[in-house]
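**Student:** So here's my_file.cif (mmCIF, C-alpha atoms).
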data_protein
#
loop_
_atom_site.label_atom_id
_atom_site.label_comp_id
_atom_site.auth_asym_id
_atom_site.auth_seq_id
_atom_site.Cartn_x
_atom_site.Cartn_y
_atom_site.Cartn_z
CA GLN A 1 -33.30 -44.32 32.19
CA GLU A 2 -36.55 -43.17 33.74
CA GLN A 3 -38.88 -40.59 32.32
CA LEU A 4 -39.82 -37.76 34.69
CA GLN A 5 -42.23 -35.27 33.15
CA GLY A 6 -40.67 -35.77 29.71
CA THR A 7 -37.04 -35.51 30.91
CA ALA A 8 -34.66 -38.47 30.71
CA VAL A 9 -32.94 -39.04 34.06
CA PRO A 10 -29.87 -41.30 34.16
CA LEU A 11 -29.96 -44.08 36.74
CA TYR A 12 -26.19 -43.90 37.34
CA PRO A 13 -24.17 -41.25 39.16
CA PRO A 14 -22.73 -38.39 37.11
CA SER A 15 -19.07 -38.46 36.16
CA CYS A 16 -16.94 -36.74 38.76
CA SER A 17 -14.59 -35.10 36.29
CA TRP A 18 -15.94 -31.57 36.69
CA GLY A 19 -13.19 -29.18 37.57
CA LEU A 20 -10.42 -31.68 36.92
CA ASN A 21 -9.64 -30.28 33.46
CA GLU A 22 -9.36 -33.74 31.90
CA GLU A 23 -10.57 -33.76 28.30
CA ASP A 24 -10.88 -37.55 28.23
CA SER A 25 -11.39 -40.34 30.72
CA TRP A 26 -8.58 -42.77 31.59
CA ARG A 27 -10.49 -45.51 29.76
CA THR A 28 -10.48 -43.45 26.55
CA MET A 29 -6.78 -42.69 27.01
CA TYR A 30 -6.03 -46.36 27.71
CA ASP A 31 -7.95 -47.53 24.63
CA GLU A 32 -6.11 -45.10 22.35
CA LEU A 33 -2.68 -45.69 23.90
CA SER A 34 -2.99 -49.47 23.75
CA GLN A 35 -3.84 -49.22 20.04
CA SER A 36 -1.05 -46.74 19.29
CA ASP A 37 2.67 -47.22 18.77
CA VAL A 38 3.55 -45.90 22.25
CA GLN A 39 5.93 -48.42 23.78
CA SER A 40 7.01 -48.77 27.39
CA ILE A 41 10.75 -48.95 27.99
CA THR A 42 12.92 -49.51 31.06
CA PRO A 43 14.84 -46.69 32.73
CA GLU A 44 18.10 -48.17 31.38
CA GLN A 45 16.70 -48.11 27.84
CA ALA A 46 15.49 -44.54 28.36
CA LYS A 47 18.98 -43.45 29.48
CA SER A 48 20.54 -45.00 26.36
CA ARG A 49 18.21 -43.30 23.83
CA LYS A 50 20.59 -40.97 22.02
CA GLY A 51 18.97 -37.70 20.99
CA ALA A 52 15.71 -38.39 22.82
CA VAL A 53 14.15 -35.79 25.08
CA LEU A 54 13.55 -37.12 28.59
CA LEU A 55 10.34 -35.41 29.70
CA ASP A 56 9.63 -35.42 33.45
CA VAL A 57 5.94 -34.58 33.98
CA ARG A 58 5.98 -34.60 37.81
CA LEU A 59 5.00 -31.58 39.88
CA ALA A 60 7.63 -28.83 39.83
CA ASN A 61 8.28 -29.15 43.59
CA LYS A 62 9.01 -32.89 43.15
CA ALA A 63 11.40 -32.19 40.25
CA ALA A 64 13.16 -29.53 42.34
CA ASN A 65 14.23 -32.31 44.73
CA GLY A 66 15.80 -34.43 42.01
CA MET A 67 15.43 -35.34 38.34
CA ALA A 68 16.83 -37.88 35.93
CA GLU A 69 20.07 -36.54 34.49
CA GLY A 70 19.39 -34.83 31.16
CA SER A 71 15.62 -34.54 31.65
CA ILE A 72 13.43 -31.46 31.45
CA ASN A 73 10.44 -30.86 33.72
CA ILE A 74 7.11 -29.76 32.32
CA PRO A 75 4.45 -30.62 34.92
CA LEU A 76 1.26 -32.24 33.63
CA TYR A 77 -0.47 -31.28 36.88
CA GLN A 78 -0.11 -28.35 39.26
CA PRO A 79 -1.37 -27.49 42.74
CA ILE A 80 -5.03 -26.44 42.67
CA GLN A 81 -4.92 -22.78 41.66
CA GLY A 82 -8.34 -21.25 42.29
CA TRP A 83 -9.95 -20.22 45.56
CA ASP A 84 -13.53 -20.51 44.35
CA ILE A 85 -16.00 -22.83 46.08
CA ALA A 86 -15.39 -25.76 43.68
CA SER A 87 -11.59 -25.50 44.10
CA ASN A 88 -11.89 -25.37 47.88
CA ILE A 89 -14.22 -28.39 47.92
CA ARG A 90 -11.73 -30.32 45.76
CA ARG A 91 -8.87 -29.23 48.07
CA ALA A 92 -10.84 -30.44 51.10
CA GLY A 93 -11.68 -33.72 49.36
CA PHE A 94 -8.03 -34.41 48.60
CA ALA A 95 -7.02 -33.36 52.14
CA PHE A 96 -9.57 -35.75 53.64
CA PHE A 97 -7.56 -38.60 52.10
CA GLY A 98 -4.23 -37.01 53.07
CA ILE A 99 -3.43 -36.13 49.46
CA PHE A 100 -2.06 -32.84 48.14
CA GLY A 101 -4.69 -31.48 45.72
CA THR A 102 -3.70 -31.05 42.08
CA GLU A 103 -5.35 -30.20 38.79
CA ARG A 104 -4.32 -30.39 35.14
CA ASN A 105 -1.75 -27.81 34.09
CA MET A 106 -3.65 -26.29 31.17
CA GLY A 107 -0.41 -24.77 29.83
CA PHE A 108 1.27 -28.20 29.60
CA MET A 109 0.92 -28.71 25.84
CA ASP A 110 1.81 -25.09 25.05
CA GLU A 111 5.04 -25.48 27.02
CA VAL A 112 5.79 -28.85 25.41
CA LEU A 113 5.22 -27.41 21.93
CA ASP A 114 7.46 -24.46 22.81
CA LYS A 115 10.35 -26.61 24.12
CA ILE A 116 10.21 -29.90 22.21
CA PRO A 117 10.10 -30.14 18.40
CA LYS A 118 7.51 -32.63 17.11
CA ASN A 119 10.19 -34.55 15.18
CA LYS A 120 12.11 -35.45 18.38
CA GLU A 121 11.74 -38.75 20.18
CA VAL A 122 10.21 -38.10 23.60
CA VAL A 123 10.53 -40.43 26.61
CA VAL A 124 7.87 -39.50 29.17
CA MET A 125 8.43 -40.21 32.87
CA CYS A 126 6.62 -39.53 36.13
CA GLU A 127 7.01 -40.75 39.71
CA MET A 128 5.67 -44.32 39.38
CA GLY A 129 5.36 -45.05 35.65
CA GLY A 130 2.02 -46.81 35.35
CA SER A 131 1.34 -49.60 32.87
CA LEU A 132 -0.81 -50.47 29.89
CA GLU A 133 -0.63 -54.15 30.87
CA ASN A 134 -3.78 -55.69 32.29
CA LYS A 135 -2.51 -57.45 35.36
CA SER A 136 -4.64 -59.28 37.88
CA GLY A 137 -7.26 -56.91 39.24
CA THR A 138 -6.97 -54.31 36.49
CA LYS A 139 -9.08 -53.93 33.40
CA TRP A 140 -7.45 -50.84 31.91
CA GLY A 141 -3.84 -51.03 33.04
CA PHE A 142 -2.57 -48.75 35.78
CA GLN A 143 -2.93 -45.06 34.97
CA SER A 144 -0.11 -42.62 35.56
CA ARG A 145 0.81 -39.07 34.74
CA SER A 146 3.41 -40.23 32.23
CA LEU A 147 0.87 -42.34 30.33
CA LYS A 148 -1.62 -39.46 30.34
CA ALA A 149 1.12 -37.12 29.08
CA ALA A 150 2.02 -39.64 26.34
CA TYR A 151 -1.64 -39.60 25.30
CA TYR A 152 -1.69 -35.79 25.07
CA LEU A 153 1.58 -35.74 23.10
CA LYS A 154 0.18 -38.27 20.60
CA LYS A 155 -3.01 -36.18 20.26
CA ALA A 156 -0.85 -33.11 19.56
CA GLY A 157 0.95 -34.87 16.70
CA TYR A 158 4.13 -36.18 18.33
CA SER A 159 4.91 -39.43 16.56
CA LYS A 160 7.91 -40.75 18.52
CA VAL A 161 6.57 -41.08 22.07
CA LEU A 162 7.88 -43.64 24.56
CA HIS A 163 6.71 -44.27 28.11
CA MET A 164 9.25 -45.05 30.85
CA GLU A 165 8.22 -47.93 33.10
CA GLU A 166 8.61 -47.61 36.86
CA GLY A 167 9.03 -43.82 36.74
CA LEU A 168 11.76 -41.92 38.50
CA GLY A 169 11.69 -44.50 41.31
CA GLY A 170 12.80 -47.14 38.81
CA TRP A 171 15.47 -44.80 37.46
CA ASP A 172 16.83 -44.36 40.98
CA ARG A 173 16.64 -48.10 41.81
CA ALA A 174 18.61 -48.81 38.63
CA GLY A 175 21.40 -46.57 39.96
CA LEU A 176 21.06 -44.10 37.09
CA PRO A 177 22.23 -40.52 37.71
CA LEU A 178 19.95 -38.00 39.39
CA VAL A 179 20.54 -34.27 39.50
CA VAL A 180 19.08 -31.48 41.61
CA PRO A 181 18.28 -28.46 39.42
CA GLY A 182 20.47 -25.50 40.27
CA GLN A 183 23.17 -27.66 41.87
CA GLN A 184 24.78 -28.86 38.65
#
In structure tokens, write the structure found in this file.
**Tutor:**
Amino acid sequence: QEQLQGTAVPLYPPSCSWGLNEEDSWRTMYDELSQSDVQSITPEQAKSRKGAVLLDVRLANKAANGMAEGSINIPLYQPIQGWDIASNIRRAGFAFFGIFGTERNMGFMDEVLDKIPKNKEVVVMCEMGGSLENKSGTKWGFQSRSLKAAYYLKKAGYSKVLHMEEGLGGWDRAGLPLVVPGQQ
């Protein structure tokens, strides 16, 4: 750090987490998850977990097009809600890369606590699954919404949390049943 008129100035760029509503960085989440008892299981193993809650944390509009049979959807993220300058800049930034802009669903844990008792086993799934494994080219695994959700569940006191590898795509490739909400 440099001293400018008695003020310490960092020589590295500031973290770009403002407005993203993330309490912790992925590295912090990875460190805690890799030291916890959260295990990754296959879609077939997830399907066979008797009494477990299958928690789909994808966006609601994704879940509306198809979900794993027996799962419930509580989105970890939601479309960007505000129309203030910061929200519009974030929207434009996402759009520049051809990505639909999202932000943390701040009601996620309240809804989880309302719908899932803490003594239940919870299998968390998203679109892709992510990984805690350090494969070639990764230092902190491969982050995903399901791993982030597993982290938040553990922080909230859920003790039986499992992460489903490969996400809903893996579930579908395994030939496991999908349902469209409202068409059951």
**Student:** Point out the residue among A:Val179, A:Val161, A:Leu76, A:Ala149 with the least atom-to-atom distance to A:Ala46, counting all atoms listed in the file.
**Tutor:** A:Val161
**Student:** Between A:Ile80, A:Ala64, A:Ala95, A:Met106, single out the one closest to A:Glu23, counting only C-alpha atoms.
**Tutor:**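 Residue with the minimum atom-to-atom distance to A:Glu23: A:Met106.
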**Student:** Of the residues A:Ser25, A:Gln78, A:Asn105, A:Ser36, which is the one nearest to A:Leu132, using all atoms listed in the file?
**Tutor:**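 Comparing A:Ser25, A:Gln78, A:Asn105, A:Ser36 against A:Leu132, the winner is A:Ser36.
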**Student:** Assuming the chain letters and numbering stay as they are in my file, what does the PyMOL selection byres ((chain A and resi 140) around 9) actually select? List them as number ranges by chain.
**Tutor:** A: 26-27, 30-31, 131-135, 138-139, 141-143
**Student:** Evaluate the PyMOL selection byres ((chain A and resi 67) around 12) and record the selected residues as a ChimeraX atom specification, following the chain and residue labels used in the document.
**Tutor:** /A:54-66,68-74,125-127,167-169,171-172,176-184
**Student:** Could you jot down the atom CA of A:Ser146 to atom CA of A:Arg90 separation for me, Å, one decimal place?
**Tutor:**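 Separating atom CA of A:Ser146 from atom CA of A:Arg90 is a distance of 22.6 Å.
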**Student:** How would you write as a PyMOL selection string the residues that get within 12 Å of (21.2, -39.2, 21.5) in the file's frame, counting only C-alpha atoms?
**Tutor:** chain A and resi 45-54+70+120-123
**Student:** To one decimal place, how far is atom CA of A:Ile41 from atom CA of A:Met164 in Å?
**Tutor:** 5.1 Å
**Student:** With C-alpha atoms as the atom set, please write stretch 26-179 of chain A from the structure just given, as a compact mmCIF listing (two decimals), in the first residue's frame.
**Tutor:**
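File produced: selection-v9.txt:
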# COMPACT_ATOMS: atom_id res chain seq x y z
CA TRP A 26 -16.60 -18.04 -3.55
CA ARG A 27 -13.15 -18.72 -2.08
CA THR A 28 -14.54 -18.43 1.46
CA MET A 29 -17.47 -20.67 0.52
CA TYR A 30 -15.13 -23.19 -1.12
CA ASP A 31 -12.81 -23.29 1.89
CA GLU A 32 -15.69 -23.91 4.30
CA LEU A 33 -17.49 -26.42 2.06
CA SER A 34 -14.33 -28.44 1.39
CA GLN A 35 -13.74 -28.70 5.15
CA SER A 36 -17.37 -29.59 5.93
CA ASP A 37 -19.28 -32.85 5.65
CA VAL A 38 -21.09 -31.75 2.46
CA GLN A 39 -20.73 -34.59 -0.01
CA SER A 40 -21.38 -34.60 -3.74
CA ILE A 41 -23.62 -37.37 -5.03
CA THR A 42 -24.75 -38.47 -8.49
CA PRO A 43 -28.26 -37.81 -9.78
CA GLU A 44 -29.04 -41.53 -9.43
CA GLN A 45 -27.97 -41.44 -5.77
CA ALA A 46 -30.04 -38.29 -5.23
CA LYS A 47 -33.13 -39.98 -6.68
CA SER A 48 -32.69 -42.96 -4.34
CA ARG A 49 -32.38 -40.91 -1.11
CA LYS A 50 -35.56 -41.89 0.73
CA GLY A 51 -37.02 -39.03 2.76
CA ALA A 52 -34.57 -36.44 1.45
CA VAL A 53 -35.78 -33.08 0.17
CA LEU A 54 -34.61 -32.41 -3.39
CA LEU A 55 -34.01 -28.65 -3.47
CA ASP A 56 -33.82 -27.05 -6.93
CA VAL A 57 -32.20 -23.61 -6.58
CA ARG A 58 -32.48 -22.57 -10.26
CA LEU A 59 -34.35 -19.46 -11.36
CA ALA A 60 -38.13 -19.86 -11.15
CA ASN A 61 -38.55 -19.48 -14.94
CA LYS A 62 -36.07 -22.34 -15.51
CA ALA A 63 -37.91 -24.57 -13.02
CA ALA A 64 -41.22 -23.76 -14.71
CA ASN A 65 -39.89 -25.52 -17.83
CA GLY A 66 -39.03 -28.73 -16.01
CA MET A 67 -37.84 -30.02 -12.64
CA ALA A 68 -36.57 -33.26 -11.18
CA GLU A 69 -39.54 -35.35 -10.08
CA GLY A 70 -40.21 -34.78 -6.38
CA SER A 71 -38.12 -31.61 -6.10
CA ILE A 72 -39.13 -28.20 -4.80
CA ASN A 73 -37.89 -24.93 -6.29
CA ILE A 74 -36.57 -22.15 -4.10
CA PRO A 75 -34.41 -19.89 -6.30
CA LEU A 76 -31.08 -18.78 -4.85
CA TYR A 77 -30.97 -15.99 -7.44
CA GLN A 78 -33.64 -13.87 -9.10
CA PRO A 79 -33.76 -11.42 -12.00
CA ILE A 80 -32.28 -8.04 -11.03
CA GLN A 81 -35.13 -6.27 -9.24
CA GLY A 82 -34.23 -2.60 -8.88
CA TRP A 83 -34.25 0.16 -11.47
CA ASP A 84 -31.71 2.37 -9.73
CA ILE A 85 -28.48 3.37 -11.47
CA ALA A 86 -26.41 0.52 -9.96
CA SER A 87 -29.02 -2.11 -10.99
CA ASN A 88 -29.19 -0.72 -14.52
CA ILE A 89 -25.39 -0.71 -14.83
CA ARG A 90 -25.30 -4.34 -13.67
CA ARG A 91 -28.09 -5.22 -16.14
CA ALA A 92 -26.13 -3.57 -18.96
CA GLY A 93 -22.93 -5.34 -17.90
CA PHE A 94 -24.62 -8.73 -17.99
CA ALA A 95 -26.31 -7.88 -21.32
CA PHE A 96 -22.96 -6.91 -22.84
CA PHE A 97 -21.90 -10.54 -22.39
CA GLY A 98 -25.27 -11.87 -23.56
CA ILE A 99 -26.22 -12.99 -20.04
CA PHE A 100 -29.54 -12.49 -18.27
CA GLY A 101 -28.79 -10.38 -15.17
CA THR A 102 -29.48 -11.91 -11.77
CA GLU A 103 -28.89 -11.10 -8.13
CA ARG A 104 -29.13 -13.03 -4.87
CA ASN A 105 -32.67 -13.78 -3.74
CA MET A 106 -32.47 -12.27 -0.25
CA GLY A 107 -35.58 -14.23 0.79
CA PHE A 108 -33.95 -17.57 -0.08
CA MET A 109 -33.07 -18.68 3.46
CA ASP A 110 -36.39 -17.46 4.89
CA GLU A 111 -38.24 -19.59 2.33
CA VAL A 112 -35.98 -22.59 2.96
CA LEU A 113 -36.50 -22.30 6.72
CA ASP A 114 -40.26 -22.03 6.15
CA LYS A 115 -40.48 -25.10 3.88
CA ILE A 116 -37.70 -27.47 4.98
CA PRO A 117 -37.18 -28.61 8.59
CA LYS A 118 -33.54 -28.47 9.72
CA ASN A 119 -33.58 -32.17 10.63
CA LYS A 120 -34.30 -33.24 7.02
CA GLU A 121 -31.63 -34.39 4.60
CA VAL A 122 -31.42 -31.86 1.76
CA VAL A 123 -30.01 -32.61 -1.71
CA VAL A 124 -29.25 -29.32 -3.46
CA MET A 125 -29.30 -29.11 -7.26
CA CYS A 126 -28.92 -26.41 -9.90
CA GLU A 127 -28.47 -26.39 -13.67
CA MET A 128 -24.83 -27.56 -13.94
CA GLY A 129 -23.81 -28.81 -10.49
CA GLY A 130 -20.33 -27.39 -10.00
CA SER A 131 -17.57 -29.21 -8.15
CA LEU A 132 -15.34 -28.93 -5.10
CA GLU A 133 -12.66 -30.94 -6.91
CA ASN A 134 -9.59 -29.05 -8.06
CA LYS A 135 -9.23 -30.16 -11.63
CA SER A 136 -6.65 -28.90 -14.08
CA GLY A 137 -6.94 -25.13 -14.36
CA THR A 138 -8.97 -24.62 -11.18
CA LYS A 139 -7.73 -23.67 -7.75
CA TRP A 140 -11.05 -23.53 -5.91
CA GLY A 141 -13.23 -26.06 -7.70
CA PHE A 142 -15.99 -24.92 -10.02
CA GLN A 143 -18.58 -22.72 -8.33
CA SER A 144 -22.28 -23.26 -8.85
CA ARG A 145 -25.57 -22.12 -7.41
CA SER A 146 -26.10 -25.48 -5.75
CA LEU A 147 -22.74 -25.33 -3.96
CA LYS A 148 -23.43 -21.76 -2.85
CA ALA A 149 -26.88 -22.83 -1.60
CA ALA A 150 -25.29 -25.76 0.27
CA TYR A 151 -22.96 -23.25 1.94
CA TYR A 152 -25.89 -21.05 3.04
CA LEU A 153 -27.82 -24.07 4.35
CA LYS A 154 -24.82 -25.19 6.41
CA LYS A 155 -24.43 -21.65 7.79
CA ALA A 156 -28.11 -21.69 8.78
CA GLY A 157 -27.67 -24.90 10.78
CA TYR A 158 -28.75 -27.62 8.34
CA SER A 159 -26.58 -30.62 9.15
CA LYS A 160 -27.57 -33.11 6.42
CA VAL A 161 -26.72 -31.27 3.19
CA LEU A 162 -25.72 -33.06 -0.01
CA HIS A 163 -24.74 -31.53 -3.34
CA MET A 164 -25.91 -33.14 -6.59
CA GLU A 165 -23.18 -33.40 -9.22
CA GLU A 166 -23.93 -32.44 -12.82
CA GLY A 167 -27.13 -30.58 -11.90
CA LEU A 168 -30.44 -31.04 -13.65
CA GLY A 169 -28.58 -31.69 -16.91
CA GLY A 170 -27.05 -34.79 -15.33
CA TRP A 171 -30.44 -35.84 -13.98
CA ASP A 172 -31.88 -35.61 -17.50
CA ARG A 173 -28.90 -37.41 -19.12
CA ALA A 174 -29.36 -40.23 -16.59
CA GLY A 175 -32.94 -40.66 -17.86
CA LEU A 176 -34.45 -39.77 -14.49
CA PRO A 177 -38.01 -38.40 -14.47
CA LEU A 178 -38.66 -34.72 -15.08
CA VAL A 179 -41.94 -32.95 -14.43
